[in-house]
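target33.txt (compact mmCIF, C-alpha atoms) appears below.
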# COMPACT_ATOMS: atom_id res chain seq x y z
CA MET A 1 -7.90 -97.07 -15.12
CA ARG A 2 -5.45 -94.22 -14.65
CA ARG A 3 -5.24 -91.46 -17.19
CA HIS A 4 -1.73 -90.08 -17.01
CA GLY A 5 -1.57 -86.32 -16.78
CA THR A 6 -4.97 -85.85 -15.13
CA VAL A 7 -5.61 -82.12 -15.00
CA LEU A 8 -7.24 -80.86 -11.82
CA ASP A 9 -9.41 -77.77 -11.97
CA ASP A 10 -10.26 -75.49 -9.04
CA LEU A 11 -13.35 -77.51 -8.09
CA ASP A 12 -11.35 -80.75 -8.05
CA ARG A 13 -8.78 -79.10 -5.78
CA LYS A 14 -11.52 -77.83 -3.46
CA ILE A 15 -13.06 -81.31 -3.27
CA LEU A 16 -9.67 -82.86 -2.50
CA THR A 17 -8.98 -80.24 0.16
CA ALA A 18 -12.37 -80.94 1.77
CA LEU A 19 -11.78 -84.71 1.74
CA ILE A 20 -8.29 -84.33 3.20
CA ALA A 21 -9.72 -82.20 6.01
CA ASP A 22 -12.58 -84.66 6.62
CA ALA A 23 -12.77 -87.86 4.57
CA ARG A 24 -16.16 -88.56 6.16
CA ALA A 25 -17.73 -85.35 4.81
CA SER A 26 -20.81 -86.09 2.74
CA PHE A 27 -21.08 -85.13 -0.91
CA LYS A 28 -23.85 -82.75 0.14
CA GLU A 29 -21.62 -81.03 2.74
CA ILE A 30 -18.78 -80.68 0.25
CA GLY A 31 -21.16 -79.44 -2.44
CA LEU A 32 -22.60 -76.77 -0.14
CA ALA A 33 -19.10 -75.57 0.74
CA ILE A 34 -17.89 -75.30 -2.86
CA GLY A 35 -21.09 -74.50 -4.80
CA LEU A 36 -21.90 -77.85 -6.43
CA SER A 37 -24.76 -80.31 -6.07
CA ALA A 38 -24.12 -83.57 -4.22
CA PRO A 39 -24.44 -85.62 -7.45
CA ALA A 40 -21.88 -83.36 -9.17
CA VAL A 41 -19.45 -83.83 -6.27
CA LYS A 42 -20.00 -87.62 -6.43
CA ARG A 43 -19.29 -87.68 -10.18
CA ARG A 44 -16.07 -85.75 -9.66
CA VAL A 45 -14.97 -87.96 -6.74
CA ASP A 46 -15.71 -91.06 -8.81
CA ARG A 47 -13.58 -89.64 -11.66
CA LEU A 48 -10.77 -88.74 -9.26
CA ARG A 49 -10.84 -92.31 -7.93
CA GLU A 50 -10.93 -93.80 -11.44
CA ASP A 51 -7.98 -91.60 -12.47
CA GLU A 52 -6.16 -92.71 -9.28
CA VAL A 53 -5.86 -89.15 -8.00
CA ILE A 54 -7.72 -90.44 -4.93
CA THR A 55 -6.23 -93.81 -4.06
CA GLY A 56 -8.14 -94.56 -0.88
CA PHE A 57 -9.64 -93.32 2.34
CA THR A 58 -8.15 -93.94 5.75
CA THR A 59 -8.40 -93.29 9.45
CA VAL A 60 -5.56 -91.37 11.06
CA VAL A 61 -4.81 -92.42 14.63
CA THR A 62 -2.51 -90.63 17.04
CA PRO A 63 0.47 -93.04 17.33
CA SER A 64 0.79 -92.57 21.10
CA ALA A 65 -2.83 -93.75 21.52
CA LEU A 66 -1.62 -97.12 20.18
CA GLY A 67 1.35 -97.14 22.53
CA TRP A 68 3.95 -96.08 19.93
CA HIS A 69 5.95 -93.54 21.95
CA THR A 70 9.32 -93.70 20.20
CA GLU A 71 9.87 -92.44 16.69
CA ALA A 72 13.03 -92.35 14.59
CA TYR A 73 14.43 -92.00 11.11
CA VAL A 74 17.12 -94.41 10.02
CA GLU A 75 19.48 -93.98 7.12
CA VAL A 76 20.38 -97.35 5.61
CA PHE A 77 23.68 -97.87 3.80
CA CYS A 78 23.89 -101.01 1.70
CA GLU A 79 26.80 -103.21 0.70
CA GLY A 80 27.00 -102.83 -3.07
CA ALA A 81 23.83 -101.95 -4.91
CA ALA A 82 20.81 -103.31 -3.07
CA PRO A 83 17.89 -103.29 -5.50
CA PRO A 84 14.84 -101.30 -4.38
CA LYS A 85 12.66 -104.44 -4.71
CA ARG A 86 14.86 -106.26 -2.16
CA LEU A 87 14.72 -103.26 0.18
CA ALA A 88 10.92 -103.22 -0.18
CA GLU A 89 10.74 -106.91 0.80
CA VAL A 90 12.74 -106.22 3.96
CA VAL A 91 10.65 -103.18 4.84
CA ARG A 92 7.39 -105.14 4.54
CA ASN A 93 8.72 -107.61 7.14
CA HIS A 94 8.95 -104.90 9.82
CA PRO A 95 5.54 -103.52 10.83
CA GLU A 96 7.27 -100.79 12.85
CA ILE A 97 8.46 -99.15 9.62
CA GLN A 98 5.86 -96.51 8.80
CA SER A 99 7.43 -95.40 5.53
CA ALA A 100 10.55 -96.07 3.53
CA VAL A 101 12.12 -94.38 0.55
CA THR A 102 15.21 -94.80 -1.57
CA VAL A 103 17.17 -91.57 -1.81
CA THR A 104 20.03 -89.87 -3.55
CA GLY A 105 23.16 -89.05 -1.57
CA ARG A 106 25.27 -91.28 0.63
CA ALA A 107 22.43 -93.32 2.15
CA ASP A 108 20.58 -95.84 0.02
CA ALA A 109 17.29 -95.54 1.91
CA ILE A 110 15.62 -93.70 4.77
CA LEU A 111 13.16 -95.48 7.06
CA HIS A 112 10.57 -93.86 9.33
CA ILE A 113 10.13 -96.10 12.37
CA ARG A 114 7.68 -96.05 15.28
CA ALA A 115 8.25 -98.26 18.30
CA LEU A 116 6.79 -98.80 21.74
CA ASP A 117 9.91 -97.51 23.47
CA VAL A 118 13.67 -97.18 23.00
CA GLU A 119 14.24 -100.87 23.77
CA HIS A 120 11.75 -101.87 21.07
CA PHE A 121 13.37 -99.41 18.63
CA GLU A 122 16.76 -100.95 19.35
CA ASP A 123 15.34 -104.40 18.60
CA VAL A 124 13.93 -103.18 15.26
CA LEU A 125 17.25 -101.57 14.41
CA GLU A 126 19.12 -104.79 15.16
CA ARG A 127 16.77 -106.77 12.91
CA ILE A 128 17.38 -104.30 10.09
CA ARG A 129 21.14 -104.42 10.64
CA ALA A 130 21.02 -108.23 10.49
CA GLU A 131 20.03 -108.12 6.82
CA SER A 132 22.95 -109.42 4.77
CA PHE A 133 23.19 -106.39 2.48
CA VAL A 134 23.01 -103.70 5.21
CA LYS A 135 26.47 -102.25 5.75
CA GLU A 136 25.59 -99.57 8.33
CA THR A 137 22.78 -97.44 9.68
CA HIS A 138 22.55 -93.95 11.11
CA SER A 139 19.63 -93.29 13.46
CA PHE A 140 17.89 -90.07 14.39
CA VAL A 141 15.38 -90.27 17.25
CA VAL A 142 12.58 -87.69 16.97
CA LEU A 143 12.39 -85.30 19.91
CA SER A 144 9.45 -83.17 18.75
CA HIS A 145 7.49 -82.29 15.64
CA LEU A 146 8.02 -78.74 14.45
CA LEU A 147 4.97 -79.05 12.19
CA PRO A 148 2.44 -80.83 14.44
CA SER A 149 -0.19 -80.82 11.67
CA SER A 150 1.98 -82.91 9.33
CA PRO A 151 1.09 -86.52 8.50
CA GLU A 152 4.37 -87.66 10.10
CA ALA A 153 3.14 -86.24 13.41
CA GLY A 154 0.01 -88.38 13.15
CA SER A 155 -2.33 -85.65 11.99
CA GLY A 156 -4.80 -85.91 9.16
CA ARG A 157 -5.02 -82.14 8.80
CA PHE A 158 -2.13 -81.69 6.37
CA SER A 159 -2.97 -80.59 2.85
CA GLY A 160 -0.36 -80.08 0.19
CA ILE A 161 -3.02 -78.90 -2.27
CA ASN A 162 -2.87 -75.31 -3.50
CA GLU A 163 -6.34 -73.88 -3.12

Just dump the structure as structure tokens.
Amino acid sequence: MRRHGTVLDDLDRKILTALIADARASFKEIGLAIGLSAPAVKRRVDRLREDEVITGFTTVVTPSALGWHTEAYVEVFCEGAAPPKRLAEVVRNHPEIQSAVTVTGRADAILHIRALDVEHFEDVLERIRAESFVKETHSFVVLSHLLPSSPEAGSGRFSGINE
């Protein structure tokens, strides 16, 4: 059950930083690094999970290892006011869409897409454009990642936590 306004102390931040760097680190390893016992680390991790500060653990895979060699961002412009719930339904029907957000500004949403190649990307784009409420799209194919350690680049080494 989430407690809104969970306050993180320095030890919580250190635990989160350690888990972001290596989600498979043991409580003992984390405890040794930050000066806590393994049971104390476990209690804090359990609390962070209960408070929904930690929402899950995952494996980060380099996209190209799965054959996804083309990456793009697509601005979506809707006819009228497309409700976010409707946009979310559409997004869930396209496994190539890695993330999607509604935004302020001219576009209604921005999609992050990974595809096998340009032809596959074009197919995904056409399926998105076929949605009745999509008026137009603007696409931006990624050439390179300027921050290779970012999650968008397929790295699990990014930490937005102030230590």

Measuring between only C-alpha atoms, which one of A:Val74, A:Val53, A:Leu143, A:Leu125 shows the shortest distance to Gly5 in chain A?
A:Val53

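Distance-wise, CA of Glu52 in chain A and CA of Thr17 in chain A end up 15.9 Å apart.
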
When you look at range 37-43 of chain A with a cut-off of 6 Å (counting all atoms listed in the file), what residues show up, excluding the ones that are within fewer than 2 positions of it in the same chain? I need them as a VMD selection string.
chain A and resid 27 to 28 31 45 to 46

Which of these residues is nearest to Phe133 in chain A, using all atoms listed in the file: A:Ala25, A:Leu16, A:Cys78, A:Ile34?
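Result for the nearest residue to Phe133 in chain A: A:Cys78.
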
Mind pulling up the distance from CA of Ser150 in chain A to CA of Arg106 in chain A?
26.2 Å

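Our summary of the geometry notes that CA of Glu89 in chain A is positioned 13.5 Å from CA of Arg127 in chain A.
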
Residues within 12 Å of Val90 in chain A, please, as a count of residues only. Count all atoms listed in the file; anything in the same chain fewer than 5 positions from it doesn't count.
20

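Proximity ranking of A:Leu146, A:Ile110, A:Val60, A:Ala21 relative to Ala72 in chain A places A:Ile110 first, based on all atoms listed in the file.
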
Counting all atoms listed in the file, which of A:Ile15, A:Val142, A:Ala115, A:Ile30 gets nearest to Gln98 in chain A?
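The shortest atom-to-atom distance to Gln98 in chain A comes from A:Ala115.
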
Nearest residue to Ala18 in chain A from the set A:Glu152, A:Arg44, A:His145, A:Ala33 (distances using all atoms listed in the file):
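Counting all atoms listed in the file, the residue closest to Ala18 in chain A is A:Ala33.
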
From the set A:His120, A:Lys135, A:Lys14, A:Arg92, which residue has the shortest atom-to-atom contact distance to Gly80 in chain A, counting all atoms listed in the file?
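Looking at the shortest contact to Gly80 in chain A, the residue is A:Lys135.
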
Your completed range 130-149 of chain A with N, CA and C atoms, as a PDB file, keeping the file's coordinate frame:
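out-v4.pdb written:
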ATOM      1  N   ALA A 130      20.715-106.821  10.717  1.00  0.00           N
ATOM      2  CA  ALA A 130      21.020-108.230  10.490  1.00  0.00           C
ATOM      3  C   ALA A 130      20.831-108.641   9.030  1.00  0.00           C
ATOM      4  N   GLU A 131      20.198-107.806   8.237  1.00  0.00           N
ATOM      5  CA  GLU A 131      20.030-108.120   6.820  1.00  0.00           C
ATOM      6  C   GLU A 131      21.397-108.164   6.155  1.00  0.00           C
ATOM      7  N   SER A 132      21.621-109.156   5.331  1.00  0.00           N
ATOM      8  CA  SER A 132      22.950-109.420   4.770  1.00  0.00           C
ATOM      9  C   SER A 132      23.526-108.253   3.957  1.00  0.00           C
ATOM     10  N   PHE A 133      22.684-107.469   3.335  1.00  0.00           N
ATOM     11  CA  PHE A 133      23.190-106.390   2.480  1.00  0.00           C
ATOM     12  C   PHE A 133      23.322-105.045   3.198  1.00  0.00           C
ATOM     13  N   VAL A 134      22.908-104.964   4.474  1.00  0.00           N
ATOM     14  CA  VAL A 134      23.010-103.700   5.210  1.00  0.00           C
ATOM     15  C   VAL A 134      24.416-103.553   5.775  1.00  0.00           C
ATOM     16  N   LYS A 135      25.092-102.510   5.325  1.00  0.00           N
ATOM     17  CA  LYS A 135      26.470-102.250   5.750  1.00  0.00           C
ATOM     18  C   LYS A 135      26.485-101.437   7.049  1.00  0.00           C
ATOM     19  N   GLU A 136      25.663-100.392   7.113  1.00  0.00           N
ATOM     20  CA  GLU A 136      25.590 -99.570   8.330  1.00  0.00           C
ATOM     21  C   GLU A 136      24.294 -98.796   8.347  1.00  0.00           C
ATOM     22  N   THR A 137      23.967 -98.275   9.523  1.00  0.00           N
ATOM     23  CA  THR A 137      22.780 -97.440   9.680  1.00  0.00           C
ATOM     24  C   THR A 137      23.153 -96.217  10.506  1.00  0.00           C
ATOM     25  N   HIS A 138      22.435 -95.146  10.280  1.00  0.00           N
ATOM     26  CA  HIS A 138      22.550 -93.950  11.110  1.00  0.00           C
ATOM     27  C   HIS A 138      21.136 -93.615  11.582  1.00  0.00           C
ATOM     28  N   SER A 139      20.962 -93.492  12.890  1.00  0.00           N
ATOM     29  CA  SER A 139      19.630 -93.290  13.460  1.00  0.00           C
ATOM     30  C   SER A 139      19.468 -91.887  14.009  1.00  0.00           C
ATOM     31  N   PHE A 140      18.240 -91.385  13.884  1.00  0.00           N
ATOM     32  CA  PHE A 140      17.890 -90.070  14.390  1.00  0.00           C
ATOM     33  C   PHE A 140      16.557 -90.205  15.128  1.00  0.00           C
ATOM     34  N   VAL A 141      16.598 -90.145  16.460  1.00  0.00           N
ATOM     35  CA  VAL A 141      15.380 -90.270  17.250  1.00  0.00           C
ATOM     36  C   VAL A 141      14.677 -88.908  17.253  1.00  0.00           C
ATOM     37  N   VAL A 142      13.379 -88.921  17.015  1.00  0.00           N
ATOM     38  CA  VAL A 142      12.580 -87.690  16.970  1.00  0.00           C
ATOM     39  C   VAL A 142      12.343 -87.196  18.387  1.00  0.00           C
ATOM     40  N   LEU A 143      12.642 -85.927  18.617  1.00  0.00           N
ATOM     41  CA  LEU A 143      12.390 -85.300  19.910  1.00  0.00           C
ATOM     42  C   LEU A 143      11.035 -84.599  19.923  1.00  0.00           C
ATOM     43  N   SER A 144      10.743 -83.848  18.862  1.00  0.00           N
ATOM     44  CA  SER A 144       9.450 -83.170  18.750  1.00  0.00           C
ATOM     45  C   SER A 144       9.171 -82.878  17.286  1.00  0.00           C
ATOM     46  N   HIS A 145       7.904 -82.641  16.997  1.00  0.00           N
ATOM     47  CA  HIS A 145       7.490 -82.290  15.640  1.00  0.00           C
ATOM     48  C   HIS A 145       7.343 -80.782  15.542  1.00  0.00           C
ATOM     49  N   LEU A 146       8.081 -80.185  14.633  1.00  0.00           N
ATOM     50  CA  LEU A 146       8.020 -78.740  14.450  1.00  0.00           C
ATOM     51  C   LEU A 146       6.771 -78.335  13.672  1.00  0.00           C
ATOM     52  N   LEU A 147       6.227 -79.265  12.903  1.00  0.00           N
ATOM     53  CA  LEU A 147       4.970 -79.050  12.190  1.00  0.00           C
ATOM     54  C   LEU A 147       3.967 -80.091  12.692  1.00  0.00           C
ATOM     55  N   PRO A 148       3.314 -79.819  13.838  1.00  0.00           N
ATOM     56  CA  PRO A 148       2.440 -80.830  14.440  1.00  0.00           C
ATOM     57  C   PRO A 148       1.258 -81.235  13.570  1.00  0.00           C
ATOM     58  N   SER A 149       0.937 -80.462  12.530  1.00  0.00           N
ATOM     59  CA  SER A 149      -0.190 -80.820  11.670  1.00  0.00           C
ATOM     60  C   SER A 149       0.234 -81.696  10.489  1.00  0.00           C
TER      61      SER A 149
END
